[in-house]
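K.L.:
Right, I'll just put the structure down here and ask away after.
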Amino acid sequence: MSESVPSSAIDLVAPAAVRDPHAAFKMLRALAPIVWLERHKAWIVVDFDLVRAGLTDERLSTDTITPLYERLSPEQRAQYADAETLLRGWMIFNDEPTHSLLRQPVRSAFTPGAVAQLSEEIAELTDRTLGSLPERFDFVRDVAFPLPAGVIALLLGVDAGRVNDLGEWSKQLGALVMGKVSRPDAWGRALAAAQEMQSYFGQLVERYRKEPVDNLIGRLITASGEGQEQALTPEQIIGACSLLLFGGHETTTSLLTTSIYHICLNNDLRNVSTAAEADVAAFVEEILRYDGPSKIFVRRVREDLEWHGVRMTANQPVYFAVAAANRDGAAFDGPDRLVPDRTPNRHLGFGWGAHFCLGAQLARLEARIIIPRVLRAFPNITLDCDREELTWHPTIVGRTIRSLPVRSGGMGESPSAPYK
(Lines give C-alpha, C1' and ligand atoms only; values in the text may rest on other atoms or scores of the structure.)
Protein backbone atom coordinates (compact mmCIF):
# COMPACT_ATOMS: atom_id res chain seq x y z
CA MET A 1 0.00 0.00 0.00
CA SER A 2 1.17 3.56 -0.68
CA GLU A 3 2.44 5.08 2.55
CA SER A 4 0.68 8.40 1.84
CA VAL A 5 -2.72 6.78 1.40
CA PRO A 6 -4.80 6.36 4.57
CA SER A 7 -6.14 2.99 5.64
CA SER A 8 -9.30 2.13 7.53
CA ALA A 9 -10.52 -0.77 9.65
CA ILE A 10 -14.12 -0.28 8.51
CA ASP A 11 -15.88 -3.59 7.83
CA LEU A 12 -18.41 -3.12 5.02
CA VAL A 13 -20.41 -6.17 6.09
CA ALA A 14 -20.53 -5.29 9.79
CA PRO A 15 -24.14 -4.77 10.99
CA ALA A 16 -23.80 -0.99 11.32
CA ALA A 17 -22.29 -0.59 7.84
CA VAL A 18 -24.90 -2.88 6.27
CA ARG A 19 -27.74 -0.94 7.90
CA ASP A 20 -26.30 2.47 7.00
CA PRO A 21 -23.55 2.18 4.36
CA HIS A 22 -23.77 5.90 3.65
CA ALA A 23 -22.45 6.72 7.13
CA ALA A 24 -19.50 4.39 6.52
CA PHE A 25 -18.83 5.96 3.13
CA LYS A 26 -18.97 9.44 4.65
CA MET A 27 -16.27 8.47 7.16
CA LEU A 28 -14.12 7.09 4.35
CA ARG A 29 -14.61 10.24 2.25
CA ALA A 30 -13.36 12.30 5.20
CA LEU A 31 -10.09 10.35 5.02
CA ALA A 32 -9.36 10.54 1.29
CA PRO A 33 -10.88 9.84 -2.15
CA ILE A 34 -9.05 6.49 -2.18
CA VAL A 35 -8.61 4.46 1.01
CA TRP A 36 -7.07 1.07 1.79
CA LEU A 37 -9.49 -1.23 3.66
CA GLU A 38 -7.49 -3.43 6.01
CA ARG A 39 -10.47 -5.70 6.74
CA HIS A 40 -11.11 -6.49 3.07
CA LYS A 41 -7.56 -6.12 1.72
CA ALA A 42 -8.95 -3.91 -1.00
CA TRP A 43 -8.90 -0.32 -2.22
CA ILE A 44 -12.11 1.67 -2.02
CA VAL A 45 -12.82 4.74 -4.17
CA VAL A 46 -15.54 7.14 -2.98
CA ASP A 47 -15.06 10.23 -5.19
CA PHE A 48 -17.60 10.67 -8.03
CA ASP A 49 -15.14 11.61 -10.77
CA LEU A 50 -12.67 8.88 -9.77
CA VAL A 51 -15.39 6.22 -9.60
CA ARG A 52 -16.61 7.15 -13.06
CA ALA A 53 -13.05 7.15 -14.40
CA GLY A 54 -12.30 3.79 -12.78
CA LEU A 55 -15.33 2.09 -14.32
CA THR A 56 -13.92 2.78 -17.79
CA ASP A 57 -10.23 2.10 -17.06
CA GLU A 58 -9.13 -1.02 -18.95
CA ARG A 59 -6.15 -1.47 -16.62
CA LEU A 60 -8.69 -2.66 -14.06
CA SER A 61 -10.26 -6.03 -14.83
CA THR A 62 -13.90 -7.02 -14.35
CA ASP A 63 -12.87 -10.68 -13.93
CA THR A 64 -13.66 -11.12 -10.26
CA ILE A 65 -14.63 -14.78 -10.65
CA THR A 66 -11.01 -15.94 -10.82
CA PRO A 67 -10.17 -14.78 -7.25
CA LEU A 68 -13.32 -16.50 -5.94
CA TYR A 69 -12.46 -19.70 -7.77
CA GLU A 70 -8.84 -19.64 -6.56
CA ARG A 71 -10.00 -19.78 -2.94
CA LEU A 72 -11.42 -23.24 -3.54
CA SER A 73 -9.55 -26.49 -3.10
CA PRO A 74 -8.82 -28.58 -6.24
CA GLU A 75 -11.67 -30.90 -5.22
CA GLN A 76 -14.09 -27.98 -4.85
CA ARG A 77 -12.99 -26.53 -8.19
CA ALA A 78 -13.87 -29.78 -9.90
CA GLN A 79 -17.15 -30.06 -8.02
CA TYR A 80 -18.26 -26.52 -8.79
CA ALA A 81 -17.01 -26.37 -12.38
CA ASP A 82 -20.54 -25.95 -13.79
CA ALA A 83 -21.20 -22.86 -11.64
CA GLU A 84 -17.88 -21.37 -12.68
CA THR A 85 -18.55 -22.07 -16.36
CA LEU A 86 -21.93 -20.36 -16.15
CA LEU A 87 -20.58 -17.28 -14.36
CA ARG A 88 -17.60 -16.97 -16.71
CA GLY A 89 -20.15 -16.71 -19.52
CA TRP A 90 -21.55 -13.52 -17.99
CA MET A 91 -20.38 -10.44 -19.86
CA ILE A 92 -19.98 -8.50 -16.60
CA PHE A 93 -17.13 -10.81 -15.57
CA ASN A 94 -15.23 -10.48 -18.86
CA ASP A 95 -12.84 -7.89 -20.27
CA GLU A 96 -12.41 -6.97 -23.91
CA PRO A 97 -12.64 -8.44 -26.46
CA THR A 98 -14.78 -11.18 -24.89
CA HIS A 99 -17.05 -8.63 -23.22
CA SER A 100 -18.11 -7.09 -26.53
CA LEU A 101 -18.51 -10.53 -28.11
CA LEU A 102 -20.98 -11.49 -25.38
CA ARG A 103 -22.70 -8.10 -25.11
CA GLN A 104 -23.35 -7.17 -28.72
CA PRO A 105 -25.88 -9.89 -29.62
CA VAL A 106 -27.69 -9.32 -26.33
CA ARG A 107 -27.80 -5.56 -26.91
CA SER A 108 -29.14 -6.03 -30.42
CA ALA A 109 -31.93 -8.22 -29.04
CA PHE A 110 -32.58 -6.10 -25.94
CA THR A 111 -33.89 -3.08 -27.83
CA PRO A 112 -35.95 -0.22 -26.34
CA GLY A 113 -38.86 -1.32 -28.53
CA ALA A 114 -38.74 -4.87 -27.21
CA VAL A 115 -38.72 -3.61 -23.63
CA ALA A 116 -41.51 -1.07 -24.21
CA GLN A 117 -43.74 -3.80 -25.63
CA LEU A 118 -43.89 -5.30 -22.15
CA SER A 119 -45.62 -2.25 -20.62
CA GLU A 120 -49.18 -3.54 -20.73
CA GLU A 121 -48.19 -7.03 -19.60
CA ILE A 122 -46.23 -5.60 -16.65
CA ALA A 123 -49.27 -3.51 -15.66
CA GLU A 124 -51.62 -6.50 -15.92
CA LEU A 125 -49.26 -8.73 -13.94
CA THR A 126 -48.97 -6.05 -11.27
CA ASP A 127 -52.73 -5.62 -10.99
CA ARG A 128 -53.29 -9.36 -10.59
CA THR A 129 -50.64 -9.53 -7.91
CA LEU A 130 -51.92 -6.54 -5.93
CA GLY A 131 -55.53 -7.65 -6.18
CA SER A 132 -54.84 -10.89 -4.33
CA LEU A 133 -52.99 -9.42 -1.33
CA PRO A 134 -54.32 -9.41 2.26
CA GLU A 135 -54.28 -6.30 4.43
CA ARG A 136 -50.91 -7.24 5.93
CA PHE A 137 -48.19 -8.68 3.72
CA ASP A 138 -44.45 -8.76 3.10
CA PHE A 139 -43.75 -6.42 0.20
CA VAL A 140 -40.53 -8.24 -0.72
CA ARG A 141 -42.00 -11.75 -0.68
CA ASP A 142 -45.37 -10.89 -2.22
CA VAL A 143 -44.58 -8.09 -4.67
CA ALA A 144 -40.96 -7.06 -5.21
CA PHE A 145 -39.57 -10.60 -5.51
CA PRO A 146 -42.18 -12.35 -7.72
CA LEU A 147 -43.05 -9.48 -10.09
CA PRO A 148 -39.56 -9.00 -11.66
CA ALA A 149 -39.29 -12.79 -12.04
CA GLY A 150 -42.60 -12.78 -13.87
CA VAL A 151 -41.44 -9.96 -16.15
CA ILE A 152 -38.19 -11.73 -16.99
CA ALA A 153 -40.25 -14.84 -17.74
CA LEU A 154 -42.31 -12.81 -20.23
CA LEU A 155 -39.19 -11.40 -21.84
CA LEU A 156 -37.48 -14.78 -22.18
CA GLY A 157 -40.58 -16.79 -23.08
CA VAL A 158 -40.40 -18.93 -19.93
CA ASP A 159 -43.35 -21.16 -19.08
CA ALA A 160 -45.62 -19.54 -16.48
CA GLY A 161 -45.29 -22.57 -14.20
CA ARG A 162 -41.52 -22.04 -13.90
CA VAL A 163 -41.60 -18.41 -12.69
CA ASN A 164 -41.01 -19.42 -9.06
CA ASP A 165 -38.01 -21.45 -10.18
CA LEU A 166 -36.54 -18.37 -11.86
CA GLY A 167 -36.74 -16.42 -8.64
CA GLU A 168 -35.14 -19.21 -6.63
CA TRP A 169 -32.29 -19.71 -9.11
CA SER A 170 -31.61 -15.97 -9.07
CA LYS A 171 -31.59 -16.00 -5.27
CA GLN A 172 -29.06 -18.84 -5.04
CA LEU A 173 -26.70 -17.31 -7.59
CA GLY A 174 -27.06 -14.02 -5.74
CA ALA A 175 -25.68 -15.56 -2.54
CA LEU A 176 -22.42 -16.02 -4.43
CA VAL A 177 -22.32 -13.06 -6.82
CA MET A 178 -23.40 -10.47 -4.25
CA GLY A 179 -20.58 -11.32 -1.89
CA LYS A 180 -21.86 -13.99 0.52
CA VAL A 181 -18.98 -16.32 -0.23
CA SER A 182 -18.36 -16.74 3.49
CA ARG A 183 -21.35 -19.05 3.63
CA PRO A 184 -20.00 -22.62 3.44
CA ASP A 185 -22.87 -23.70 1.18
CA ALA A 186 -22.73 -20.70 -1.19
CA TRP A 187 -20.90 -22.51 -4.00
CA GLY A 188 -23.03 -25.62 -3.56
CA ARG A 189 -26.28 -23.69 -3.82
CA ALA A 190 -24.94 -21.72 -6.79
CA LEU A 191 -23.92 -25.00 -8.44
CA ALA A 192 -27.39 -26.48 -8.05
CA ALA A 193 -28.96 -23.30 -9.46
CA ALA A 194 -26.47 -23.21 -12.34
CA GLN A 195 -27.17 -26.81 -13.30
CA GLU A 196 -30.93 -26.30 -13.23
CA MET A 197 -30.59 -23.08 -15.23
CA GLN A 198 -28.39 -24.72 -17.84
CA SER A 199 -30.80 -27.60 -18.24
CA TYR A 200 -33.94 -25.49 -18.46
CA PHE A 201 -32.59 -22.68 -20.65
CA GLY A 202 -30.88 -25.27 -22.84
CA GLN A 203 -34.28 -26.82 -23.49
CA LEU A 204 -35.77 -23.39 -24.25
CA VAL A 205 -33.00 -22.54 -26.71
CA GLU A 206 -33.61 -25.82 -28.54
CA ARG A 207 -37.37 -25.26 -28.55
CA TYR A 208 -37.15 -21.74 -29.94
CA ARG A 209 -34.51 -22.74 -32.46
CA LYS A 210 -36.97 -25.26 -33.91
CA GLU A 211 -40.05 -23.10 -33.37
CA PRO A 212 -38.96 -19.44 -33.83
CA VAL A 213 -40.82 -16.88 -31.71
CA ASP A 214 -40.44 -13.17 -31.03
CA ASN A 215 -39.02 -13.19 -27.50
CA LEU A 216 -35.55 -12.41 -26.20
CA ILE A 217 -34.24 -15.95 -26.62
CA GLY A 218 -35.62 -16.01 -30.15
CA ARG A 219 -33.87 -12.74 -30.96
CA LEU A 220 -30.61 -14.00 -29.44
CA ILE A 221 -30.84 -17.09 -31.63
CA THR A 222 -31.48 -14.90 -34.69
CA ALA A 223 -28.64 -12.54 -33.80
CA SER A 224 -26.35 -15.55 -33.40
CA GLY A 225 -27.40 -17.33 -36.55
CA GLU A 226 -25.18 -18.70 -39.26
CA GLY A 227 -23.15 -16.00 -40.97
CA GLN A 228 -23.45 -13.51 -38.12
CA GLU A 229 -20.13 -11.85 -37.32
CA GLN A 230 -20.55 -12.10 -33.53
CA ALA A 231 -22.52 -15.30 -33.11
CA LEU A 232 -22.97 -16.81 -29.67
CA THR A 233 -22.69 -20.51 -28.93
CA PRO A 234 -25.68 -22.24 -27.27
CA GLU A 235 -23.71 -22.17 -24.00
CA GLN A 236 -23.19 -18.42 -24.32
CA ILE A 237 -26.88 -17.85 -25.04
CA ILE A 238 -27.67 -19.80 -21.86
CA GLY A 239 -25.14 -17.65 -20.00
CA ALA A 240 -26.78 -14.48 -21.35
CA CYS A 241 -30.20 -15.71 -20.22
CA SER A 242 -28.96 -16.51 -16.73
CA LEU A 243 -27.26 -13.11 -16.42
CA LEU A 244 -30.41 -11.30 -17.54
CA LEU A 245 -32.41 -13.35 -15.08
CA PHE A 246 -30.11 -12.51 -12.17
CA GLY A 247 -29.44 -8.87 -13.08
CA GLY A 248 -33.02 -8.08 -14.01
CA HIS A 249 -34.41 -9.77 -10.93
CA GLU A 250 -32.04 -8.76 -8.11
CA THR A 251 -31.75 -5.10 -9.10
CA THR A 252 -35.45 -4.54 -9.67
CA THR A 253 -36.48 -6.31 -6.45
CA SER A 254 -34.21 -3.97 -4.53
CA LEU A 255 -35.33 -0.86 -6.43
CA LEU A 256 -39.03 -1.57 -5.84
CA THR A 257 -38.55 -2.42 -2.16
CA THR A 258 -36.38 0.58 -1.36
CA SER A 259 -38.82 2.91 -3.14
CA ILE A 260 -41.78 1.73 -1.08
CA TYR A 261 -39.65 1.79 2.08
CA HIS A 262 -38.83 5.47 1.61
CA ILE A 263 -42.40 6.31 0.64
CA CYS A 264 -43.61 4.71 3.88
CA LEU A 265 -41.17 6.94 5.77
CA ASN A 266 -42.08 10.15 3.92
CA ASN A 267 -45.70 11.00 3.15
CA ASP A 268 -44.60 13.79 0.81
CA LEU A 269 -43.47 11.12 -1.65
CA ARG A 270 -46.92 9.55 -2.00
CA ASN A 271 -47.97 11.95 -4.74
CA VAL A 272 -45.94 9.83 -7.14
CA SER A 273 -49.15 7.77 -7.40
CA THR A 274 -50.78 10.47 -9.51
CA ALA A 275 -47.70 12.20 -10.88
CA ALA A 276 -47.02 12.73 -14.56
CA GLU A 277 -44.88 10.13 -16.27
CA ALA A 278 -41.85 12.44 -16.33
CA ASP A 279 -42.17 13.09 -12.59
CA VAL A 280 -42.41 9.37 -11.82
CA ALA A 281 -39.29 8.84 -13.93
CA ALA A 282 -37.46 11.56 -11.99
CA PHE A 283 -38.47 9.95 -8.69
CA VAL A 284 -37.11 6.57 -9.81
CA GLU A 285 -33.81 8.16 -10.85
CA GLU A 286 -33.51 9.86 -7.47
CA ILE A 287 -34.09 6.60 -5.61
CA LEU A 288 -31.35 5.05 -7.75
CA ARG A 289 -29.03 7.88 -6.71
CA TYR A 290 -30.04 8.27 -3.08
CA ASP A 291 -30.34 4.62 -2.03
CA GLY A 292 -29.92 2.42 -5.10
CA PRO A 293 -29.54 -1.36 -5.42
CA SER A 294 -25.77 -1.23 -5.99
CA LYS A 295 -23.27 -0.06 -3.39
CA ILE A 296 -20.03 -1.17 -5.01
CA PHE A 297 -18.73 -2.36 -8.38
CA VAL A 298 -15.62 -4.51 -8.00
CA ARG A 299 -12.59 -4.43 -10.27
CA ARG A 300 -9.22 -6.20 -10.04
CA VAL A 301 -5.82 -4.65 -10.78
CA ARG A 302 -4.38 -6.37 -13.86
CA GLU A 303 -0.73 -5.40 -13.33
CA ASP A 304 1.17 -3.20 -10.88
CA LEU A 305 0.33 0.43 -11.63
CA GLU A 306 0.01 3.90 -10.21
CA TRP A 307 -3.62 4.98 -10.30
CA HIS A 308 -4.33 8.64 -9.55
CA GLY A 309 -1.30 8.85 -7.31
CA VAL A 310 -1.85 5.52 -5.57
CA ARG A 311 0.46 2.54 -6.15
CA MET A 312 -1.66 -0.57 -6.67
CA THR A 313 -0.45 -4.15 -6.93
CA ALA A 314 -1.57 -6.79 -9.41
CA ASN A 315 -4.69 -8.73 -8.37
CA GLN A 316 -5.65 -6.31 -5.60
CA PRO A 317 -9.43 -5.68 -5.56
CA VAL A 318 -10.67 -2.15 -6.12
CA TYR A 319 -14.11 -1.27 -4.76
CA PHE A 320 -15.72 1.52 -6.75
CA ALA A 321 -18.38 2.76 -4.34
CA VAL A 322 -21.11 4.07 -6.62
CA ALA A 323 -23.34 4.61 -3.58
CA ALA A 324 -20.68 6.94 -2.16
CA ALA A 325 -20.15 8.66 -5.51
CA ASN A 326 -23.89 9.27 -5.74
CA ARG A 327 -23.72 11.18 -2.44
CA ASP A 328 -20.64 13.22 -3.38
CA GLY A 329 -21.31 16.88 -2.61
CA ALA A 330 -19.01 17.93 -5.44
CA ALA A 331 -21.36 16.25 -7.92
CA PHE A 332 -24.79 16.77 -6.31
CA ASP A 333 -26.36 19.63 -4.38
CA GLY A 334 -27.73 18.46 -1.03
CA PRO A 335 -26.46 14.93 -1.66
CA ASP A 336 -27.97 13.48 1.54
CA ARG A 337 -31.48 14.75 0.75
CA LEU A 338 -33.96 12.72 -1.29
CA VAL A 339 -35.20 15.23 -3.89
CA PRO A 340 -37.86 13.48 -6.02
CA ASP A 341 -37.71 16.02 -8.86
CA ARG A 342 -33.91 16.35 -8.94
CA THR A 343 -32.68 17.40 -12.37
CA PRO A 344 -30.19 16.85 -13.78
CA ASN A 345 -29.37 13.57 -12.11
CA ARG A 346 -26.21 11.99 -13.52
CA HIS A 347 -26.02 9.20 -10.95
CA LEU A 348 -23.92 6.05 -11.41
CA GLY A 349 -26.52 3.62 -10.10
CA PHE A 350 -26.36 1.48 -13.23
CA GLY A 351 -22.63 1.87 -13.74
CA TRP A 352 -20.82 3.76 -16.46
CA GLY A 353 -19.16 3.09 -19.80
CA ALA A 354 -18.98 -0.23 -21.62
CA HIS A 355 -20.35 -2.17 -18.63
CA PHE A 356 -23.40 0.07 -18.15
CA CYS A 357 -26.27 -2.21 -17.11
CA LEU A 358 -28.11 -3.58 -20.16
CA GLY A 359 -31.21 -4.17 -18.04
CA ALA A 360 -31.42 -0.54 -16.90
CA GLN A 361 -34.30 0.25 -19.27
CA LEU A 362 -36.31 -2.71 -18.06
CA ALA A 363 -35.72 -1.96 -14.36
CA ARG A 364 -36.74 1.65 -14.90
CA LEU A 365 -39.85 0.66 -16.83
CA GLU A 366 -40.94 -1.79 -14.14
CA ALA A 367 -40.44 0.77 -11.38
CA ARG A 368 -42.32 3.48 -13.29
CA ILE A 369 -45.29 1.17 -13.79
CA ILE A 370 -45.36 -0.78 -10.51
CA ILE A 371 -44.72 1.92 -7.88
CA PRO A 372 -47.62 4.23 -8.84
CA ARG A 373 -49.95 1.24 -9.11
CA VAL A 374 -49.01 0.05 -5.64
CA LEU A 375 -49.78 3.51 -4.25
CA ARG A 376 -53.06 3.81 -6.12
CA ALA A 377 -54.12 0.40 -4.83
CA PHE A 378 -52.86 1.07 -1.28
CA PRO A 379 -52.72 4.87 -0.73
CA ASN A 380 -52.36 4.35 3.03
CA ILE A 381 -49.63 1.71 2.90
CA THR A 382 -47.39 1.83 5.98
CA LEU A 383 -44.64 -0.20 7.61
CA ASP A 384 -46.03 -3.00 9.77
CA CYS A 385 -43.00 -3.03 12.06
CA ASP A 386 -40.60 -0.63 13.69
CA ARG A 387 -38.06 0.77 11.27
CA GLU A 388 -35.28 -0.52 13.50
CA GLU A 389 -36.50 -4.11 13.04
CA LEU A 390 -35.73 -4.14 9.31
CA THR A 391 -32.55 -5.84 8.13
CA TRP A 392 -30.52 -5.76 4.93
CA HIS A 393 -28.68 -8.58 3.21
CA PRO A 394 -25.06 -8.45 4.48
CA THR A 395 -23.28 -8.11 1.14
CA ILE A 396 -20.47 -5.87 -0.02
CA VAL A 397 -21.88 -4.97 -3.41
CA GLY A 398 -25.67 -4.88 -3.06
CA ARG A 399 -28.22 -2.97 -0.99
CA THR A 400 -31.37 -5.05 -0.49
CA ILE A 401 -33.87 -5.20 2.36
CA ARG A 402 -34.52 -8.78 3.45
CA SER A 403 -38.18 -8.33 4.31
CA LEU A 404 -40.56 -5.36 4.32
CA PRO A 405 -43.73 -6.06 6.36
CA VAL A 406 -46.44 -3.58 5.41
CA ARG A 407 -50.07 -2.88 6.19
CA SER A 408 -52.11 -1.86 3.17
CA GLY A 409 -54.53 0.35 5.07
CA GLY A 410 -57.36 -0.82 2.83
CA MET A 411 -57.80 -0.77 -0.92
CA GLY A 412 -57.75 2.54 -2.73
CA GLU A 413 -58.86 3.11 -6.29
CA SER A 414 -58.35 0.40 -8.85
CA PRO A 415 -54.76 0.33 -10.14
CA SER A 416 -55.97 -1.04 -13.45
CA ALA A 417 -56.05 2.23 -15.38
CA PRO A 418 -54.17 1.87 -18.67
CA TYR A 419 -50.45 2.50 -18.43
CA LYS A 420 -49.58 5.97 -19.72
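Simple scheme: letters A, B, ... for chains in C-alpha coordinates order, numbers from 1 for residues in each chain, numbers from 1 for ligands in the order shown.
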Show me, as a ChimeraX atom specification, the residues that have an atom within 8 Å of Phe246 of chain A when counting only C-alpha atoms, minus same-chain residues fewer than 2 positions from it.
P.N.:
/A:170-171,173-174,242-244,248-250
K.L.:
Please report, as a ChimeraX atom specification, each residue of segment 82-235 of chain A to which DSSP assigns alpha helix (DSSP H) when run on this structure's backbone.
P.N.:
/A:82-88,98-109,112-116,119-131,139,146-156,163-177,186-210,216-223,234-235
K.L.:
Which residue is closest to Thr258 of chain A? Choose from A:Ile217, A:Leu288, A:Leu125, A:Val13 and count only C-alpha atoms.
P.N.:
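Using only C-alpha atoms, Thr258 of chain A sits closest to A:Leu288.
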K.L.:
Please identify all polymer residues within 7 Å of segment 87-94 of chain A, counting only C-alpha atoms, omitting same-chain residues fewer than 3 positions from it, and present them as a ChimeraX atom specification.
P.N.:
/A:62-65,83-84,98-99,102-103,236,239-240,243,355
K.L.:
What does the distance between atom CA of Arg136 of chain A and atom CA of Thr251 of chain A come to in Å, to one decimal place?
P.N.:
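One can read the atom CA of Arg136 of chain A to atom CA of Thr251 of chain A distance as 24.4 Å.
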K.L.:
Record the distance separating atom CA of Thr257 of chain A and atom CA of Ala144 of chain A, expressed in Å with one decimal.
P.N.:
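Pair atom CA of Thr257 of chain A / atom CA of Ala144 of chain A returns 6.1 Å.
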